[in-house]
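K.L.:
mmCIF, C-alpha atoms, saved as input-v5.cif, coming up:
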```cif
data_upload
#
loop_
_atom_site.label_atom_id
_atom_site.label_comp_id
_atom_site.auth_asym_id
_atom_site.auth_seq_id
_atom_site.Cartn_x
_atom_site.Cartn_y
_atom_site.Cartn_z
CA MET K 1 -5.65 -9.98 41.00
CA ASP K 2 -8.81 -11.15 42.76
CA ALA K 3 -10.74 -10.80 39.55
CA ILE K 4 -8.21 -13.03 37.75
CA ILE K 5 -8.39 -15.67 40.47
CA GLU K 6 -12.17 -15.58 40.23
CA MET K 7 -11.92 -16.23 36.47
CA PHE K 8 -9.88 -19.38 37.07
CA GLN K 9 -12.46 -20.54 39.60
CA ASN K 10 -15.11 -20.27 36.90
CA PRO K 11 -13.24 -21.21 33.71
CA THR K 12 -16.24 -21.06 31.33
CA SER K 13 -17.48 -17.65 32.38
CA PRO K 14 -17.44 -14.87 29.77
CA GLU K 15 -14.69 -13.14 31.75
CA ALA K 16 -12.53 -16.28 31.67
CA ILE K 17 -13.07 -16.77 27.94
CA LEU K 18 -12.04 -13.17 27.38
CA LEU K 19 -8.90 -13.81 29.39
CA TYR K 20 -8.04 -16.81 27.21
CA LYS K 21 -8.49 -14.61 24.13
CA GLN K 22 -6.28 -11.96 25.67
CA VAL K 23 -3.57 -14.55 26.32
CA ALA K 24 -3.89 -15.60 22.68
CA MET K 25 -3.31 -11.95 21.71
CA TRP K 26 -0.16 -11.92 23.85
CA ILE K 27 1.04 -14.85 21.75
CA ILE K 28 0.10 -13.05 18.53
CA GLY K 29 1.91 -9.95 19.78
CA GLY K 30 4.92 -12.13 20.54
CA VAL K 31 4.82 -13.59 17.04
CA LEU K 32 4.78 -10.10 15.52
CA ILE K 33 7.75 -9.11 17.68
CA TYR K 34 9.57 -12.31 16.67
CA LEU K 35 8.92 -11.67 12.97
CA ALA K 36 10.14 -8.10 13.37
CA ILE K 37 13.37 -8.94 15.18
CA LYS K 38 14.35 -12.40 13.95
CA LYS K 39 13.03 -12.24 10.39
CA ASP K 40 13.44 -8.47 9.88
CA MET K 41 9.86 -8.19 8.58
CA GLU K 42 8.79 -4.53 8.60
CA PRO K 43 10.23 -4.13 12.10
CA THR K 44 9.34 -0.43 12.28
CA LEU K 45 5.68 -1.37 12.37
CA LEU K 46 5.43 -4.98 13.47
CA LEU K 47 7.45 -4.51 16.67
CA PRO K 48 5.36 -1.60 18.05
CA MET K 49 2.18 -3.36 16.91
CA GLY K 50 3.25 -6.59 18.58
CA PHE K 51 4.11 -4.87 21.84
CA GLY K 52 0.94 -2.80 21.68
CA ALA K 53 -1.12 -5.94 21.16
CA ILE K 54 0.26 -7.31 24.42
CA LEU K 55 -0.26 -3.98 26.19
CA VAL K 56 -3.93 -3.53 25.29
CA ASN K 57 -4.77 -7.13 26.15
CA ILE K 58 -3.52 -7.14 29.73
CA PRO K 59 -6.75 -7.35 31.74
CA LEU K 60 -8.09 -4.48 33.79
CA THR K 61 -5.48 -1.91 32.76
CA GLY K 62 -6.04 1.72 31.92
CA VAL K 63 -4.29 1.97 28.54
CA ILE K 64 -7.57 1.46 26.73
CA GLY K 65 -10.77 3.25 27.57
CA GLU K 66 -12.00 6.78 27.91
CA GLU K 67 -8.83 8.07 29.57
CA GLY K 68 -6.44 5.42 28.31
CA VAL K 69 -3.29 6.72 26.61
CA ILE K 70 -3.55 4.38 23.62
CA SER K 71 -7.20 5.28 23.11
CA LEU K 72 -6.18 8.94 23.26
CA LEU K 73 -3.46 8.40 20.64
CA SER K 74 -5.99 6.53 18.51
CA ARG K 75 -8.55 9.36 18.72
CA VAL K 76 -5.91 11.95 17.90
CA GLY K 77 -3.88 10.13 15.29
CA ILE K 78 -5.96 7.43 13.60
CA ASP K 79 -9.60 8.51 13.89
CA THR K 80 -8.57 11.93 12.54
CA GLU K 81 -6.28 10.34 9.89
CA LEU K 82 -3.48 12.61 11.15
CA PHE K 83 -0.76 9.97 11.57
CA PRO K 84 -0.96 8.44 8.07
CA LEU K 85 -0.99 11.91 6.50
CA LEU K 86 2.08 13.04 8.45
CA LEU K 87 3.81 9.80 7.50
CA PHE K 88 3.06 10.48 3.86
CA ILE K 89 5.07 13.72 4.05
CA GLY K 90 8.05 11.62 5.04
CA ILE K 91 7.39 9.02 2.36
CA GLY K 92 7.04 11.70 -0.32
CA ALA K 93 10.37 13.16 0.75
CA MET K 94 11.99 9.73 0.37
CA ILE K 95 10.75 9.02 -3.16
CA ASP K 96 12.78 9.89 -6.26
CA PHE K 97 10.36 10.15 -9.18
CA GLY K 98 13.26 10.56 -11.65
CA PRO K 99 13.05 7.07 -13.22
CA LEU K 100 9.32 7.57 -13.70
CA LEU K 101 9.62 11.09 -15.09
CA SER K 102 12.23 9.95 -17.62
CA ASN K 103 9.74 7.38 -18.95
CA PRO K 104 6.25 8.46 -17.89
CA LYS K 105 4.38 5.76 -19.80
CA LEU K 106 5.55 3.33 -17.10
CA MET K 107 2.79 4.83 -14.96
CA ILE K 108 0.22 2.78 -16.81
CA PHE K 109 1.61 -0.39 -15.26
CA GLY K 110 1.27 1.17 -11.82
CA ALA K 111 -2.41 1.70 -12.61
CA ALA K 112 -2.83 -1.87 -13.87
CA ALA K 113 -1.32 -3.33 -10.72
CA GLN K 114 -4.16 -1.89 -8.60
CA PHE K 115 -6.33 -4.71 -10.00
CA GLY K 116 -6.04 -6.59 -6.72
CA ILE K 117 -7.88 -3.82 -4.87
CA PHE K 118 -10.97 -4.10 -7.06
CA PHE K 119 -10.90 -7.90 -7.34
CA THR K 120 -10.79 -8.11 -3.55
CA LEU K 121 -13.63 -5.60 -3.26
CA ALA K 122 -15.83 -8.01 -5.20
CA ALA K 123 -14.54 -11.03 -3.28
CA ALA K 124 -15.13 -9.41 0.12
CA ALA K 125 -18.69 -8.52 -0.88
CA LEU K 126 -19.28 -12.11 -1.99
CA PHE K 127 -18.11 -13.32 1.42
CA GLY K 128 -20.72 -11.23 3.20
CA PHE K 129 -19.00 -7.99 4.18
CA ASP K 130 -21.06 -4.87 3.63
CA LEU K 131 -19.92 -2.38 0.98
CA LYS K 132 -17.93 -0.10 3.28
CA GLU K 133 -16.22 -3.03 5.00
CA ALA K 134 -15.50 -4.65 1.62
CA ALA K 135 -14.00 -1.38 0.36
CA SER K 136 -11.87 -1.04 3.49
CA ILE K 137 -10.64 -4.62 3.15
CA SER K 138 -9.92 -4.17 -0.55
CA ILE K 139 -7.60 -1.25 0.13
CA ILE K 140 -5.16 -3.72 1.67
CA GLY K 141 -4.33 -4.21 -2.00
CA ALA K 142 -3.00 -0.66 -2.09
CA ALA K 143 0.01 -2.28 -0.38
CA ASP K 144 0.50 0.95 1.47
CA GLY K 145 -0.04 1.33 5.20
CA PRO K 146 -1.00 5.02 5.36
CA THR K 147 -3.48 4.67 2.48
CA SER K 148 -5.05 1.61 4.11
CA ILE K 149 -5.37 3.39 7.45
CA PHE K 150 -6.69 6.59 5.85
CA VAL K 151 -9.39 4.90 3.78
CA ALA K 152 -10.43 2.46 6.51
CA SER K 153 -10.64 5.31 9.06
CA LYS K 154 -12.94 7.28 6.79
CA LEU K 155 -15.22 4.38 5.88
CA LEU K 156 -15.46 2.41 9.11
CA ASP K 157 -16.81 3.29 12.53
CA PRO K 158 -14.00 3.84 15.06
CA ASP K 159 -15.24 0.80 16.98
CA SER K 160 -15.37 -1.46 13.93
CA ASN K 161 -14.11 -4.99 14.47
CA VAL K 162 -12.38 -5.26 11.11
CA PHE K 163 -10.05 -2.27 11.35
CA GLY K 164 -7.31 -4.01 13.32
CA ALA K 165 -7.24 -7.00 11.00
CA ILE K 166 -7.04 -4.74 7.94
CA ILE K 167 -3.99 -2.88 9.25
CA VAL K 168 -2.20 -6.02 10.44
CA ALA K 169 -2.85 -7.64 7.06
CA ALA K 170 -1.65 -4.57 5.11
CA TYR K 171 1.66 -4.30 6.95
CA SER K 172 2.28 -8.05 7.25
CA TYR K 173 1.79 -8.71 3.55
CA MET K 174 3.93 -5.70 2.60
CA ALA K 175 6.76 -7.45 4.42
CA LEU K 176 5.93 -10.72 2.63
CA VAL K 177 6.14 -9.29 -0.91
CA PRO K 178 9.42 -11.17 -1.60
CA ILE K 179 7.58 -14.41 -0.80
CA ILE K 180 4.19 -13.65 -2.38
CA GLN K 181 5.19 -12.18 -5.75
CA PRO K 182 7.77 -14.58 -7.26
CA PRO K 183 5.56 -17.72 -7.42
CA VAL K 184 2.70 -15.72 -8.94
CA ILE K 185 4.99 -14.18 -11.54
CA ARG K 186 6.54 -17.54 -12.47
CA LEU K 187 3.08 -19.08 -12.80
CA ILE K 188 1.81 -16.56 -15.34
CA THR K 189 4.94 -15.91 -17.39
CA THR K 190 7.00 -18.14 -19.65
CA LYS K 191 10.76 -18.58 -19.44
CA LYS K 192 11.08 -16.78 -22.78
CA GLU K 193 9.14 -13.80 -21.44
CA ARG K 194 11.23 -13.63 -18.27
CA LEU K 195 14.37 -13.52 -20.40
CA ILE K 196 13.33 -10.40 -22.36
CA ARG K 197 16.09 -7.86 -21.94
CA MET K 198 15.37 -4.23 -21.23
CA PRO K 199 18.36 -1.94 -21.59
CA TYR K 200 18.03 1.25 -19.56
CA VAL K 201 18.79 4.54 -21.22
CA GLN K 202 19.24 7.41 -18.80
CA LYS K 203 17.11 10.37 -19.88
CA GLU K 204 17.62 13.73 -18.32
CA VAL K 205 14.84 15.08 -16.17
CA THR K 206 15.04 18.81 -15.59
CA LYS K 207 14.82 20.27 -12.13
CA THR K 208 11.80 22.31 -13.23
CA THR K 209 9.97 19.10 -14.18
CA ARG K 210 10.83 17.56 -10.82
CA ILE K 211 9.48 20.65 -9.04
CA LEU K 212 6.32 21.03 -11.11
CA PHE K 213 5.45 17.31 -11.02
CA PRO K 214 4.18 17.15 -7.41
CA ILE K 215 2.19 20.36 -7.87
CA VAL K 216 0.56 19.17 -11.10
CA ILE K 217 -0.25 15.72 -9.69
CA THR K 218 -1.92 17.26 -6.65
CA ILE K 219 -4.09 19.52 -8.80
CA ILE K 220 -5.10 16.73 -11.19
CA ALA K 221 -5.87 14.27 -8.39
CA GLY K 222 -7.74 16.97 -6.50
CA LEU K 223 -9.93 17.84 -9.44
CA VAL K 224 -10.72 14.21 -10.24
CA SER K 225 -11.05 12.90 -6.72
CA PRO K 226 -11.24 15.59 -4.03
CA GLU K 227 -11.24 12.95 -1.28
CA SER K 228 -7.71 11.92 -2.28
CA VAL K 229 -6.27 15.43 -1.97
CA ALA K 230 -5.21 14.98 1.64
CA LEU K 231 -3.29 11.78 0.85
CA ILE K 232 -1.82 12.75 -2.51
CA GLY K 233 -1.27 16.33 -1.37
CA PHE K 234 0.79 15.39 1.67
CA LEU K 235 2.75 12.81 -0.37
CA MET K 236 3.53 15.41 -3.02
CA PHE K 237 4.26 18.10 -0.41
CA GLY K 238 6.96 15.83 0.96
CA ASN K 239 8.29 15.29 -2.55
CA LEU K 240 8.30 19.02 -3.27
CA ILE K 241 10.33 19.65 -0.12
CA ARG K 242 12.83 17.11 -1.44
CA GLU K 243 13.02 18.38 -5.01
CA CYS K 244 12.97 22.16 -4.48
CA GLY K 245 16.61 22.16 -3.48
CA VAL K 246 16.29 24.93 -0.89
CA LEU K 247 14.87 22.95 2.01
CA ASP K 248 17.50 20.27 2.56
CA SER K 249 17.15 20.31 6.34
CA LEU K 250 13.35 20.05 6.15
CA SER K 251 13.66 17.24 3.63
CA GLU K 252 16.04 15.35 5.87
CA THR K 253 13.77 15.98 8.87
CA ALA K 254 10.76 14.69 6.94
CA GLN K 255 12.58 11.59 5.73
CA LYS K 256 14.10 10.68 9.06
CA VAL K 257 12.76 12.36 12.19
CA LEU K 258 9.15 12.90 11.12
CA ALA K 259 8.79 9.50 9.44
CA ASN K 260 10.37 7.66 12.36
CA LEU K 261 8.43 9.56 15.02
CA VAL K 262 5.06 9.04 13.36
CA THR K 263 5.85 5.40 12.59
CA LEU K 264 6.73 4.84 16.24
CA LEU K 265 3.45 6.33 17.47
CA LEU K 266 1.39 4.77 14.68
CA GLY K 267 2.64 1.28 15.40
CA ILE K 268 1.70 1.27 19.04
CA THR K 269 -1.56 3.14 18.40
CA ILE K 270 -2.77 0.59 15.84
CA ALA K 271 -2.80 -1.82 18.76
CA SER K 272 -5.89 0.00 20.02
CA LYS K 273 -7.71 -1.88 17.27
CA MET K 274 -6.25 -5.23 18.36
CA GLN K 275 -8.24 -5.90 21.47
CA ALA K 276 -9.01 -9.59 21.84
CA GLU K 277 -12.79 -9.42 21.70
CA SER K 278 -12.78 -7.58 18.36
CA PHE K 279 -9.63 -9.06 16.80
CA LEU K 280 -10.01 -12.78 17.47
CA THR K 281 -12.97 -13.45 15.23
CA ALA K 282 -13.60 -15.53 12.12
CA ASP K 283 -13.75 -12.24 10.20
CA THR K 284 -10.09 -11.59 11.05
CA LEU K 285 -9.01 -14.85 9.43
CA LEU K 286 -11.17 -14.08 6.40
CA ILE K 287 -9.69 -10.59 6.14
CA MET K 288 -6.15 -11.99 6.33
CA GLY K 289 -7.08 -14.35 3.49
CA LEU K 290 -8.63 -11.58 1.42
CA GLY K 291 -5.55 -9.42 2.01
CA LEU K 292 -3.40 -12.15 0.52
CA VAL K 293 -5.80 -12.35 -2.43
CA ALA K 294 -5.40 -8.59 -2.93
CA PHE K 295 -1.62 -8.81 -3.11
CA ILE K 296 -1.71 -11.84 -5.42
CA PHE K 297 -4.10 -10.18 -7.84
CA ASP K 298 -2.19 -6.89 -7.77
CA THR K 299 0.79 -8.90 -9.06
CA PHE K 300 -1.43 -10.74 -11.54
CA GLY K 301 -2.94 -7.51 -12.86
CA GLY K 302 0.40 -5.79 -13.40
CA VAL K 303 2.01 -8.75 -15.16
CA MET K 304 -1.00 -9.53 -17.34
CA PHE K 305 -1.21 -5.90 -18.47
CA ALA K 306 2.46 -6.03 -19.43
CA LYS K 307 1.79 -9.20 -21.43
CA LEU K 308 -1.14 -7.44 -23.11
CA TYR K 309 1.13 -4.49 -23.90
CA ASN K 310 3.58 -6.88 -25.56
CA ILE K 311 0.91 -8.12 -27.98
CA PHE K 312 0.80 -4.65 -29.55
CA ALA K 313 4.26 -3.27 -28.84
CA LYS K 314 7.14 -3.35 -31.27
CA ASN K 315 9.74 -3.21 -28.45
CA LYS K 316 8.70 -5.94 -26.03
CA ILE K 317 9.02 -5.42 -22.32
CA ASN K 318 9.82 -8.00 -19.70
CA PRO K 319 6.35 -8.65 -18.22
CA MET K 320 7.80 -9.22 -14.74
CA ILE K 321 8.18 -5.45 -14.35
CA GLY K 322 4.39 -5.14 -14.34
CA ALA K 323 4.41 -6.74 -10.91
CA ALA K 324 6.45 -3.80 -9.59
CA GLY K 325 3.31 -1.65 -9.87
CA ILE K 326 2.29 -2.88 -6.44
CA SER K 327 2.87 -0.01 -4.07
CA ALA K 328 5.31 -1.83 -1.77
CA PHE K 329 8.23 0.51 -2.44
CA PRO K 330 11.09 -0.29 -2.91
CA MET K 331 10.77 -3.94 -2.02
CA SER K 332 8.80 -4.98 -5.08
CA ALA K 333 11.26 -3.32 -7.46
CA ARG K 334 14.13 -5.19 -5.81
CA VAL K 335 12.22 -8.48 -6.04
CA ILE K 336 11.67 -8.04 -9.78
CA HIS K 337 15.27 -6.99 -10.34
CA LYS K 338 16.51 -10.11 -8.50
CA MET K 339 14.17 -12.35 -10.48
CA GLY K 340 15.45 -10.81 -13.71
CA LEU K 341 19.08 -11.36 -12.72
CA LYS K 342 18.35 -14.94 -11.75
CA GLU K 343 16.97 -15.64 -15.22
CA ASP K 344 19.71 -13.69 -17.01
CA PRO K 345 22.65 -12.17 -15.09
CA GLN K 346 22.98 -9.48 -17.78
CA ASN K 347 19.40 -8.25 -17.57
CA PHE K 348 19.14 -5.22 -15.29
CA LEU K 349 15.49 -4.42 -14.68
CA LEU K 350 15.95 -2.29 -11.56
CA MET K 351 15.45 1.21 -12.95
CA HIS K 352 12.40 0.17 -14.99
CA ALA K 353 10.98 -1.61 -11.94
CA ILE K 354 11.63 1.41 -9.69
CA GLY K 355 9.85 3.71 -12.13
CA ILE K 356 6.81 1.43 -12.10
CA ASN K 357 7.05 0.90 -8.33
CA VAL K 358 6.83 4.64 -7.57
CA SER K 359 3.99 5.01 -10.06
CA GLY K 360 2.19 2.31 -8.12
CA GLN K 361 2.45 4.52 -5.04
CA ILE K 362 0.61 7.31 -6.87
CA ALA K 363 -1.91 4.93 -8.47
CA SER K 364 -2.75 3.28 -5.13
CA VAL K 365 -3.50 6.66 -3.56
CA ILE K 366 -5.67 7.62 -6.52
CA ALA K 367 -7.49 4.27 -6.24
CA GLY K 368 -8.09 4.90 -2.54
CA GLY K 369 -9.36 8.39 -3.27
CA LEU K 370 -11.73 7.16 -5.98
CA ILE K 371 -13.12 4.50 -3.66
CA LEU K 372 -13.66 7.15 -0.98
CA SER K 373 -15.31 9.48 -3.45
CA TYR K 374 -17.89 6.80 -4.24
CA PHE K 375 -18.98 6.64 -0.61
CA ILE K 376 -18.39 10.20 0.52
CA GLY K 377 -18.23 12.59 -2.38
CA GLY K 378 -20.69 10.86 -4.66
CA MET Z 1 -22.43 -16.10 -1.20
CA HIS Z 2 -23.89 -12.61 -1.15
CA PHE Z 3 -24.55 -11.83 -4.79
CA ASP Z 4 -26.61 -8.70 -4.07
CA THR Z 5 -23.69 -6.96 -2.39
CA PHE Z 6 -21.36 -8.32 -5.07
CA LEU Z 7 -23.49 -6.70 -7.78
CA GLU Z 8 -23.36 -3.42 -5.87
CA THR Z 9 -19.56 -3.46 -6.09
CA LEU Z 10 -19.58 -3.56 -9.89
CA PRO Z 11 -20.16 0.19 -10.44
CA ILE Z 12 -17.51 0.96 -7.80
CA ILE Z 13 -15.07 -1.33 -9.61
CA ALA Z 14 -15.87 0.15 -13.02
CA LYS Z 15 -15.52 3.76 -11.82
CA GLY Z 16 -12.60 3.00 -9.55
CA TYR Z 17 -10.36 0.88 -11.79
CA GLY Z 18 -11.37 2.79 -14.89
CA GLY Z 19 -10.79 6.04 -13.04
CA VAL Z 20 -7.28 5.02 -12.01
CA PHE Z 21 -6.40 4.35 -15.66
CA ALA Z 22 -8.03 7.58 -16.82
CA VAL Z 23 -6.22 9.73 -14.26
CA THR Z 24 -2.95 7.94 -15.00
CA ILE Z 25 -3.27 8.64 -18.73
CA VAL Z 26 -3.93 12.32 -17.99
CA ILE Z 27 -0.86 12.44 -15.73
CA ILE Z 28 1.29 10.75 -18.39
CA PHE Z 29 0.31 13.39 -20.94
CA MET Z 30 0.88 16.21 -18.45
CA VAL Z 31 4.35 14.89 -17.62
CA LYS Z 32 5.23 14.61 -21.32
CA ILE Z 33 4.06 18.19 -21.87
CA LEU Z 34 5.96 19.38 -18.80
CA SER Z 35 9.13 17.64 -19.94
CA ALA Z 36 8.81 19.03 -23.44
CA VAL Z 37 8.20 22.58 -22.24
CA THR Z 38 11.00 22.59 -19.68
CA ALA Z 39 13.60 20.72 -21.73
CA GLY Z 40 13.05 22.42 -25.07
CA LYS Z 41 10.96 20.84 -27.83
CA ASN Z 42 13.83 20.60 -30.35
CA LYS Z 43 16.25 18.76 -28.12
CA LYS Z 44 16.67 15.17 -29.34
CA GLN Z 45 16.64 12.56 -26.62
CA PRO Z 46 17.93 9.00 -26.95
CA ARG Z 47 15.07 6.55 -27.12
CA GLY Z 48 15.00 3.51 -24.90
CA PHE Z 49 11.90 1.47 -23.92
#
```
Give the structure from the file, written as C-alpha cells.

P.N.:
Amino acid sequence: MDAIIEMFQNPTSPEAILLYKQVAMWIIGGVLIYLAIKKDMEPTLLLPMGFGAILVNIPLTGVIGEEGVISLLSRVGIDTELFPLLLFIGIGAMIDFGPLLSNPKLMIFGAAAQFGIFFTLAAAALFGFDLKEAASISIIGAADGPTSIFVASKLLDPDSNVFGAIIVAAYSYMALVPIIQPPVIRLITTKKERLIRMPYVQKEVTKTTRILFPIVITIIAGLVSPESVALIGFLMFGNLIRECGVLDSLSETAQKVLANLVTLLLGITIASKMQAESFLTADTLLIMGLGLVAFIFDTFGGVMFAKLYNIFAKNKINPMIGAAGISAFPMSARVIHKMGLKEDPQNFLLMHAIGINVSGQIASVIAGGLILSYFIGG
Amino acid sequence: MHFDTFLETLPIIAKGYGGVFAVTIVIIFMVKILSAVTAGKNKKQPRGF
C-alpha cells in the first residue's frame, strides 16, 4: 500500500506510469468480461481472459513471476503447447466430417479460404515485424485459437510482447465473424450470385470411411508437414474416438469435460501474456488491425475462389459458401446459411457451408504446420 | 515500409499457400478412393453439387 501511495506522490515516475497502464488493463479486462456476458461473444474464453487480465495487472501480487500460479500454468500449458493440443482432442470429438466426406471436393474451398493467413504474413512484414513475428500474427487468420496458440508458442520467445495481442485478436475476431463476414461477402458478390440455389443431396458415408478418414489425414499431414502432426494428430484422435462407435463415454468426456476444463485453464492462463507493460503498446493495436485484415482476406479468398470455380463449372455454386472455409466452426457456416436464406428463403446452404467449414479447420491446421515447417523443419 | 522482410515472406507464402492446396488435393483423392473402396465401386450414387 505504501508503494502505491508513493506512486501517487510522484505521478510521472516509471512506477506510476506502469500503474496507470495496469488500471487501463483492468478496464480492458472489464470490457472483455462485458462482451462475454452481455454480448455472448465467445464467453468461454473472453470471460477467463478478461478476469485474468485484471488479476495479472494488480500491482505487487504473486500471481505472476517465478512462483506465480499463472506463470506456472503458462509454463506448463502454453509454453509446452499442451493446452491447445488437449483442446484439439475435444474439438475433434465435436466435429462431424460427414457433410465433407459426402462431397470431398468442398475441401478445396477450405484451402482457398486460408488466403488471409498468407496475405497478412506479407502485410505484417511490410509493417516492420520480423519474419517469426509476422508468421505468428498471420496465423490469427487460421481463425482457430489452439492453432494460433500452438504456432505462436513455437515461433515466439515466451517473453515476447506480441503473444498476448495475437491470442486476444484470434479469439475476439472469431466471435465477430457474424459482423466481419457479411459486408465483405456482399461487397464482392452480385445479387444474382447470392441467389444461386444449391440443392443438397444426402450421400451415404460408410462407417469405415469415417473411421479411416482421421487416420489417413494424420498420415498424409505428417508426411507432408511433420510439424503439424501434433495439431492434426490430436484433432483426428478426438475425431476417431467419436467415430469408432466403441468409445462413447470417452467421446462425451472429450467433447464436454476435457474441452471445458482445458478451456477454463487456457483462458485464465493466456492472461499471463496480458501484462500491461507488454500488452499496451502500439504493436498491440497494429496486431489487432492485422488480425482483422486476416479475417477479411480469408473471407475474400474463399469467395473469390468460388467465383473462379464458377467460371469453369457447369453446375454453378453459390460463391457465398466459399467464405465458410474460414475455420470459425460452426459460426461461419451459420452466417452463410442465414445470408442465403435472407436472399432466398428457399435456398438452404447449411450443409454445403458446414462441409466447407470443417474442411477449413483441417486446412488451417495444415497451413499452420507448413508455416512452422519453414522455420523449424526446413 | 520494410520491403526486405516483405520479400522474404514470398517463398513462405508460395510454399505455404501452394502447399495447403497440394495437400488438400491429395486428401480429396484419398477420400474419394476410400469412399469407393468401402462403399463398393459399382454402387450408383445420386449426384448433387

K.L.:
Return the single residue from K:Ala271, K:Val293, K:Leu286, K:Ala111 that is closest to Z:Thr24, with distances computed using all atoms listed in the file.

P.N.:
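Among the listed residues, the smallest separation from Z:Thr24 belongs to K:Ala111.
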
K.L.:
Find the residues of chain K in contact range of chain Z, meaning any atom within 7 Å when counting all atoms listed in the file, and list them as an MDAnalysis selection string.

P.N.:
chainID K and resid 101 104:105 107:108 111 118 121:122 125:128 130:131 200:201 206 208:209 217 315 363 366:367 370:371 374

K.L.:
What does the distance from atom CA of K:Ala324 to atom CA of K:Phe88 come to in Å, to one decimal?

P.N.:
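For atom CA of K:Ala324 relative to atom CA of K:Phe88, the distance reads 19.9 Å.
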
K.L.:
For K:Ile179, which residue out of K:Leu292, K:Ile354, K:Glu343, K:Ser272 is the nearest one, using all atoms listed in the file?

P.N.:
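Smallest separation from K:Ile179 among the options: K:Leu292.
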
K.L.:
Could you please give me, as a list in words, the residues of protein, DNA or RNA lying at most 7 Å from (3.5, -1.7, -9.9) in the coordinate frame of the file, considering all atoms listed in the file?

P.N.:
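Every residue inside that radius is included here: Phe109, Gly110, Ala113, Gly302, Gly322, Ala323, Ala324, Gly325, Ile326, Ser327, Ile356, Asn357, Ser359 and Gly360 of chain K.
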
K.L.:
List, as a ChimeraX atom specification, every residue that the PyMOL selection byres ((chain K and resi 57-66) around 12) selects in the file provided.

P.N.:
/K:1-4,7,15-29,50-56,67-75,159,268-280

K.L.:
In Å, how far is it from atom CA of K:Pro14 to atom CA of K:Asp157?

P.N.:
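Atom CA of K:Asp157 lies 25.0 Å from atom CA of K:Pro14.
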
K.L.:
Centre and edge lengths of an axis-aligned box around all listed atoms of stretch 258-272 of chain K, with 4 Å added on each side, are to be given in Å to one decimal, as lines of an AutoDock Vina configuration file.

P.N.:
```
center_x = 2.2
center_y = 5.5
center_z = 14.7
size_x = 24.3
size_y = 22.7
size_z = 18.6
```
